[in-house]
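Asks: Just passing along the structure, written as structure tokens.
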Protein chains: 2
Amino acid sequence: MDALDRSPESLGVLIKETQSLLNQRMDDRLRPLALSVPQYACLTALQDTPGITSSELARRAFVSRQSMNVLLQGLEKRGLVTRSSDPGPRRERSVVLNDAAELLLERAHEEVSSVVHRMTVEVEPVERVRLYELLARCRDALLIP
Amino acid sequence: MDALDRSPESLGVLIKETQSLLNQRMDDRLRPLALSVPQYACLTALQDTPGITSSELARRAFVSRQSMNVLLQGLEKRGLVTRSSDPGPRRERSVVLNDAAELLLERAHEEVSSVVHRMTVEVEPVERVRLYELLARCRDALLIP
DNA sequence: TCGCCAGTGTCAATATCCTGACACTCGTTG
DNA sequence: CAACGAGTGTCAGGATATTGACACTGGCGA
């Protein structure tokens with residue numbers, strides 16, 4: 001109950017603060033492109049792994065399948081993604097990016113890179129990889145159950 | 001567009017992954033106490049700064065005033081907090097913790113400390129403060145606009 | 001002094017996300 | 001071969017968060 005027990009707890013709020021700020025700044029930059037942060041994350045995951053399924057997409061974004069589904073419907077109506085109408089082997093419909101999405105992502109990646117670069121502007125590159133490694137260790141420790 | 005530009009972007013998703021996992025683990029531990037993570041965060045901020053206003057509470061939790069208001073109504077109905085009925089100087093109603101909340105927070109802090117301790121179990125204490133300092137620098141860089 | 005602006009609390013409407021449930025398909029296991 | 005669990009997509013309901021708008025009050029500058 002002393003200061004040593006309280007300090008790790010404040011690491012949790014620090015993570016939340018940083019994530020919320022980063023989300024807000026990304027939203028500011030992505031809004032002119034008519035993209036929300038979840039939409040950008042979805043398109044990016046789709047770019048890294050083409051033909052991925054909707055459920056896998058939901059898992060990576062830490063949302064439910066239903067939410068990812070409505071998000072994909074919006075992207076499909078805008079012509080950014082296309083879902084294969086043929087249900088595939090296990091009733092899954094693969095999703096792929098459209099050319100318009102690739103073009104839009106080029107600009108979006110620039111904006112997001114600008115934000116993240118600004119976030120780490122006060123951290124030397126050597127410390128940057130150290131921060132990444134330490135944080136990754138924290139994430140992995142929470143993965144199991 | 002090479003690997004150097006992509007690495008900082010992955011730091012952003014790493015922060016989101018860690019925060020989502022931490023949120024999920026905290027929710028698992030707090031659910032038996034009938035507490036959601038936003039409720040716990042609200043009570044904790046109220047414990048650190050008694051008599052705080054609802055709007056300030058919303059700012060610290062990165063939510064709108066309206067959301068914090070309905071959250072406070074739920075806590076008030078459970079007898080965990082009491083809002084002063086006298087509107088104060090600038091129409092604000094100060095919120096204070098009840099004894100039941102202090103008692104509940106004792107157990108909740110134990111659970112949360114357990115989760116955060118487990119998150120940093122693979123990080124030596126010296127590296128832990130380094131992680132905190134580096135992440136705090138990132139957060140501060142995003143604070144300004 | 002008067003008007004203006006920032007801050008607060010509140011109401012209404014909207015959007016987003018989640019839980020629960022169902023049907024369908026595959027692989028595995030009895 | 002039949003039954004079962006796991007994975008996927010979808011529908012409906014409810015909980016939660018946000019945006020927009022309004023009224024009220026204190027401090028500030030014209």
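Letters A, B, ... go to the chains of the structure tokens in the order shown; residues in each chain start at 1; ligands are counted from 1 in the same order.
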Within 10 Å of Gln73 in chain B, counting only C-alpha atoms (C1' of nucleotides), which residues qualify if same-chain residues fewer than 6 places away don't, as a list in words?

Replies: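 That gives Ser67, Gly79, Val81, Thr82 and Arg83 of chain B.
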
Asks: Just the selected residues (C-alpha atoms), exported as a PDB file, in the first residue's frame, please.

Replies:
```pdb
ATOM      1  CA  SER B  67     -20.792   9.743 -20.123  1.00  0.00           C
ATOM      2  CA  GLY B  79     -24.300   4.491  -2.519  1.00  0.00           C
ATOM      3  CA  VAL B  81     -20.417   8.364  -4.052  1.00  0.00           C
ATOM      4  CA  THR B  82     -22.429  11.415  -2.981  1.00  0.00           C
ATOM      5  CA  ARG B  83     -22.826  14.584  -5.016  1.00  0.00           C
TER       6      ARG B  83
END
```

Asks: After superposing chain A onto chain B (least squares, all C-alpha atoms, pairing by order), export the transformed chain as a compact mmCIF listing (two decimals) with C-alpha atoms, in the first residue's frame.

Replies:
```txt
# COMPACT_ATOMS: atom_id res chain seq x y z
CA MET A 1 8.09 3.64 -46.91
CA ASP A 2 10.83 1.20 -45.87
CA ALA A 3 11.19 -0.75 -42.65
CA LEU A 4 12.32 2.31 -40.68
CA ASP A 5 9.08 4.12 -41.45
CA ARG A 6 6.97 1.14 -40.61
CA SER A 7 8.58 0.42 -37.24
CA PRO A 8 7.27 3.53 -35.45
CA GLU A 9 3.80 2.81 -36.77
CA SER A 10 3.95 -0.61 -35.16
CA LEU A 11 4.72 1.10 -31.86
CA GLY A 12 1.26 2.63 -32.08
CA VAL A 13 -0.45 -0.71 -32.52
CA LEU A 14 1.72 -2.13 -29.73
CA ILE A 15 0.45 0.55 -27.38
CA LYS A 16 -3.10 -0.21 -28.37
CA GLU A 17 -2.57 -3.95 -27.98
CA THR A 18 -1.09 -3.55 -24.52
CA GLN A 19 -3.81 -1.19 -23.41
CA SER A 20 -6.56 -3.48 -24.71
CA LEU A 21 -5.07 -6.54 -23.03
CA LEU A 22 -4.61 -4.67 -19.77
CA ASN A 23 -8.18 -3.41 -19.94
CA GLN A 24 -9.45 -6.93 -20.55
CA ARG A 25 -7.48 -8.42 -17.65
CA MET A 26 -8.59 -5.67 -15.31
CA ASP A 27 -12.18 -6.26 -16.35
CA ASP A 28 -11.81 -9.96 -15.54
CA ARG A 29 -10.57 -9.15 -12.03
CA LEU A 30 -13.00 -6.29 -11.37
CA ARG A 31 -16.13 -8.08 -12.59
CA PRO A 32 -16.53 -10.14 -9.37
CA LEU A 33 -16.59 -6.83 -7.49
CA ALA A 34 -19.36 -5.55 -9.81
CA LEU A 35 -17.02 -2.83 -11.04
CA SER A 36 -16.28 -1.88 -14.61
CA VAL A 37 -12.89 -0.43 -15.55
CA PRO A 38 -14.27 3.09 -16.14
CA GLN A 39 -16.03 2.91 -12.77
CA TYR A 40 -12.80 1.85 -11.07
CA ALA A 41 -10.88 4.62 -12.78
CA CYS A 42 -13.49 7.13 -11.70
CA LEU A 43 -13.42 6.00 -8.07
CA THR A 44 -9.62 6.01 -8.03
CA ALA A 45 -9.42 9.55 -9.40
CA LEU A 46 -12.02 10.51 -6.82
CA GLN A 47 -9.87 8.95 -4.11
CA ASP A 48 -6.76 10.81 -5.24
CA THR A 49 -8.59 14.12 -5.48
CA PRO A 50 -11.67 14.26 -3.20
CA GLY A 51 -14.37 16.80 -4.00
CA ILE A 52 -13.39 16.88 -7.67
CA THR A 53 -15.96 18.03 -10.20
CA SER A 54 -17.67 15.80 -12.76
CA SER A 55 -16.18 17.58 -15.76
CA GLU A 56 -12.63 17.32 -14.41
CA LEU A 57 -13.31 13.65 -13.77
CA ALA A 58 -14.37 13.25 -17.40
CA ARG A 59 -11.22 14.93 -18.66
CA ARG A 60 -8.97 12.61 -16.67
CA ALA A 61 -10.81 9.56 -17.96
CA PHE A 62 -10.79 10.83 -21.56
CA VAL A 63 -14.57 10.63 -21.88
CA SER A 64 -17.27 13.27 -22.36
CA ARG A 65 -18.99 15.00 -19.46
CA GLN A 66 -22.26 13.27 -20.32
CA SER A 67 -20.76 9.79 -20.12
CA MET A 68 -19.13 10.56 -16.80
CA ASN A 69 -22.45 11.89 -15.60
CA VAL A 70 -24.36 8.65 -16.25
CA LEU A 71 -21.46 6.72 -14.74
CA LEU A 72 -21.70 8.85 -11.60
CA GLN A 73 -25.47 8.36 -11.46
CA GLY A 74 -24.90 4.61 -11.35
CA LEU A 75 -22.32 4.97 -8.58
CA GLU A 76 -24.64 7.29 -6.67
CA LYS A 77 -27.53 4.81 -6.85
CA ARG A 78 -25.23 2.15 -5.39
CA GLY A 79 -24.33 4.49 -2.57
CA LEU A 80 -20.64 4.61 -3.46
CA VAL A 81 -20.43 8.35 -4.05
CA THR A 82 -22.45 11.39 -2.98
CA ARG A 83 -22.85 14.57 -5.01
CA SER A 84 -23.37 17.77 -3.09
CA SER A 85 -26.88 18.99 -3.82
CA ASP A 86 -25.81 22.59 -3.29
CA PRO A 87 -24.62 23.81 -6.70
CA GLY A 88 -21.43 25.50 -5.53
CA PRO A 89 -19.95 28.74 -6.88
CA ARG A 90 -19.85 27.95 -10.61
CA ARG A 91 -22.86 25.67 -10.75
CA GLU A 92 -20.58 22.70 -10.06
CA ARG A 93 -21.49 19.86 -7.74
CA SER A 94 -18.54 18.35 -5.90
CA VAL A 95 -18.37 14.57 -5.67
CA VAL A 96 -16.94 12.66 -2.73
CA LEU A 97 -16.39 8.97 -1.97
CA ASN A 98 -18.54 7.09 0.48
CA ASP A 99 -17.18 4.72 3.12
CA ALA A 100 -18.42 1.72 1.15
CA ALA A 101 -16.39 2.89 -1.81
CA GLU A 102 -13.21 3.16 0.25
CA LEU A 103 -13.75 -0.37 1.46
CA LEU A 104 -14.47 -1.64 -2.04
CA LEU A 105 -11.44 0.16 -3.48
CA GLU A 106 -9.17 -1.63 -1.02
CA ARG A 107 -10.02 -4.94 -2.65
CA ALA A 108 -10.08 -3.45 -6.15
CA HIS A 109 -6.61 -1.95 -5.75
CA GLU A 110 -5.29 -5.37 -4.75
CA GLU A 111 -6.72 -6.96 -7.88
CA VAL A 112 -5.45 -4.23 -10.19
CA SER A 113 -2.02 -4.23 -8.58
CA SER A 114 -1.91 -7.96 -9.14
CA VAL A 115 -2.64 -7.52 -12.84
CA VAL A 116 -0.10 -4.73 -13.34
CA HIS A 117 2.49 -6.63 -11.35
CA ARG A 118 1.98 -9.60 -13.61
CA MET A 119 2.28 -7.35 -16.66
CA THR A 120 5.72 -6.19 -15.57
CA VAL A 121 6.91 -9.50 -14.16
CA GLU A 122 9.37 -10.01 -17.05
CA VAL A 123 10.83 -6.51 -16.67
CA GLU A 124 13.45 -5.81 -14.04
CA PRO A 125 12.59 -2.95 -11.64
CA VAL A 126 15.32 -0.73 -13.09
CA GLU A 127 13.95 -1.17 -16.59
CA ARG A 128 10.46 -0.60 -15.24
CA VAL A 129 11.14 3.01 -14.32
CA ARG A 130 12.91 3.43 -17.65
CA LEU A 131 9.79 2.18 -19.46
CA TYR A 132 7.70 4.58 -17.43
CA GLU A 133 9.95 7.51 -18.24
CA LEU A 134 10.10 6.75 -21.96
CA LEU A 135 6.36 6.29 -22.23
CA ALA A 136 5.74 9.47 -20.27
CA ARG A 137 7.90 11.34 -22.74
CA CYS A 138 5.76 9.98 -25.57
CA ARG A 139 2.57 11.03 -23.80
CA ASP A 140 3.88 14.53 -23.11
CA ALA A 141 4.82 14.94 -26.77
CA LEU A 142 1.18 14.28 -27.71
CA LEU A 143 -0.29 16.58 -25.07
CA ILE A 144 0.15 19.97 -26.66
CA PRO A 145 -2.41 20.31 -29.49
```

Asks: Set the cut-off to 7 Å and count only C-alpha atoms (C1' of nucleotides): what are the residues of chain D that reach chain B? Output as a PyMOL selection string.

Replies: chain D and resi 17+25-26

Asks: Could the residues in this selection be saved with N, CA and C atoms (P, O5', C5', C4', C3', O3' and C1' of nucleotides) as a PDB file, in the first residue's frame?

Replies:
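What landed in again.pdb:
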```pdb
ATOM      1  P    DA D  17     -19.166   4.344 -21.254  1.00  0.00           P
ATOM      2  O5'  DA D  17     -19.099   5.206 -22.593  1.00  0.00           O
ATOM      3  C5'  DA D  17     -18.440   4.667 -23.727  1.00  0.00           C
ATOM      4  C4'  DA D  17     -18.474   5.650 -24.877  1.00  0.00           C
ATOM      5  C3'  DA D  17     -18.230   7.103 -24.471  1.00  0.00           C
ATOM      6  O3'  DA D  17     -17.192   7.681 -25.268  1.00  0.00           O
ATOM      7  C1'  DA D  17     -20.299   6.895 -25.653  1.00  0.00           C
ATOM      8  P    DT D  25     -27.957  31.621 -12.231  1.00  0.00           P
ATOM      9  O5'  DT D  25     -26.360  31.650 -12.202  1.00  0.00           O
ATOM     10  C5'  DT D  25     -25.637  30.518 -11.716  1.00  0.00           C
ATOM     11  C4'  DT D  25     -24.145  30.738 -11.879  1.00  0.00           C
ATOM     12  C3'  DT D  25     -23.666  32.137 -11.482  1.00  0.00           C
ATOM     13  O3'  DT D  25     -22.572  32.046 -10.597  1.00  0.00           O
ATOM     14  C1'  DT D  25     -22.846  31.579 -13.621  1.00  0.00           C
ATOM     15  P    DG D  26     -22.129  33.352  -9.695  1.00  0.00           P
ATOM     16  O5'  DG D  26     -20.619  33.576 -10.165  1.00  0.00           O
ATOM     17  C5'  DG D  26     -19.651  32.568  -9.905  1.00  0.00           C
ATOM     18  C4'  DG D  26     -18.447  32.762 -10.812  1.00  0.00           C
ATOM     19  C3'  DG D  26     -17.754  34.116 -10.627  1.00  0.00           C
ATOM     20  O3'  DG D  26     -16.385  33.951 -10.307  1.00  0.00           O
ATOM     21  C1'  DG D  26     -18.304  33.706 -12.930  1.00  0.00           C
TER      22       DG D  26
END
```

Asks: C1' of DA30 in chain D and C1' of DC5 in chain C are how many Å apart?

Replies: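 Distance between the two atoms: 13.2 Å.
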
Asks: Produce a table with one row for each residue of chain C that has an atom at most 9 Å from any atom of chain B, each row naming the nearest atom pair and its distance in Å at one decimal; use only C-alpha atoms (C1' of nucleotides); arrange rows by chain and rising residue number; format as a Markdown table.

Replies:
```
| residue | atom | partner | partner_atom | distance |
| --- | --- | --- | --- | --- |
| C:DG7 | C1' | B:Arg90 | CA | 7.8 |
| C:DT8 | C1' | B:Glu92 | CA | 5.9 |
| C:DG9 | C1' | B:Glu92 | CA | 7.2 |
| C:DT10 | C1' | B:Gln66 | CA | 8.3 |
```

Asks: Could you turn the residues from that selection into a file that holds C-alpha atoms (C1' of nucleotides), as a PDB file, in the first residue's frame?

Replies:
```
ATOM      1  C1'  DG C   7     -16.829  26.506 -17.784  1.00  0.00           C
ATOM      2  C1'  DT C   8     -20.439  23.482 -15.912  1.00  0.00           C
ATOM      3  C1'  DG C   9     -24.555  20.593 -15.705  1.00  0.00           C
ATOM      4  C1'  DT C  10     -28.286  18.646 -18.229  1.00  0.00           C
TER       5       DT C  10
END
```

Asks: So the first atom is C1' of DA13 in chain C and the second is C1' of DC24 in chain D; what is the distance between them in Å, to one decimal place?

Replies: 22.8 Å

Asks: Determine which residues of range 61-140 of chain A DSSP labels as helix (DSSP H, G or I) from the backbone of this structure, then write them out as a ChimeraX atom specification.

Replies: /A:61,65-77,99-119,125-140

Asks: Pick from D:DG5, D:DG20, D:DG27, D:DG14: nearest to DT28 in chain C, with only C-alpha atoms (C1' of nucleotides) counted?

Replies: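 Looking at the shortest contact to DT28 in chain C, the residue is D:DG5.
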
Asks: By how many Å are C1' of DT19 in chain C and C1' of DC11 in chain D apart?

Replies: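 Taking C1' of DT19 in chain C as the start and C1' of DC11 in chain D as the end point, the length is 12.8 Å.
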
Asks: Tell me, as a ChimeraX atom specification, which residues lie within 10 Å of DC22 in chain C, counting only C-alpha atoms (C1' of nucleotides); anything in the same chain fewer than 2 positions away does not count.

Replies: /C:20,24 /D:10-11
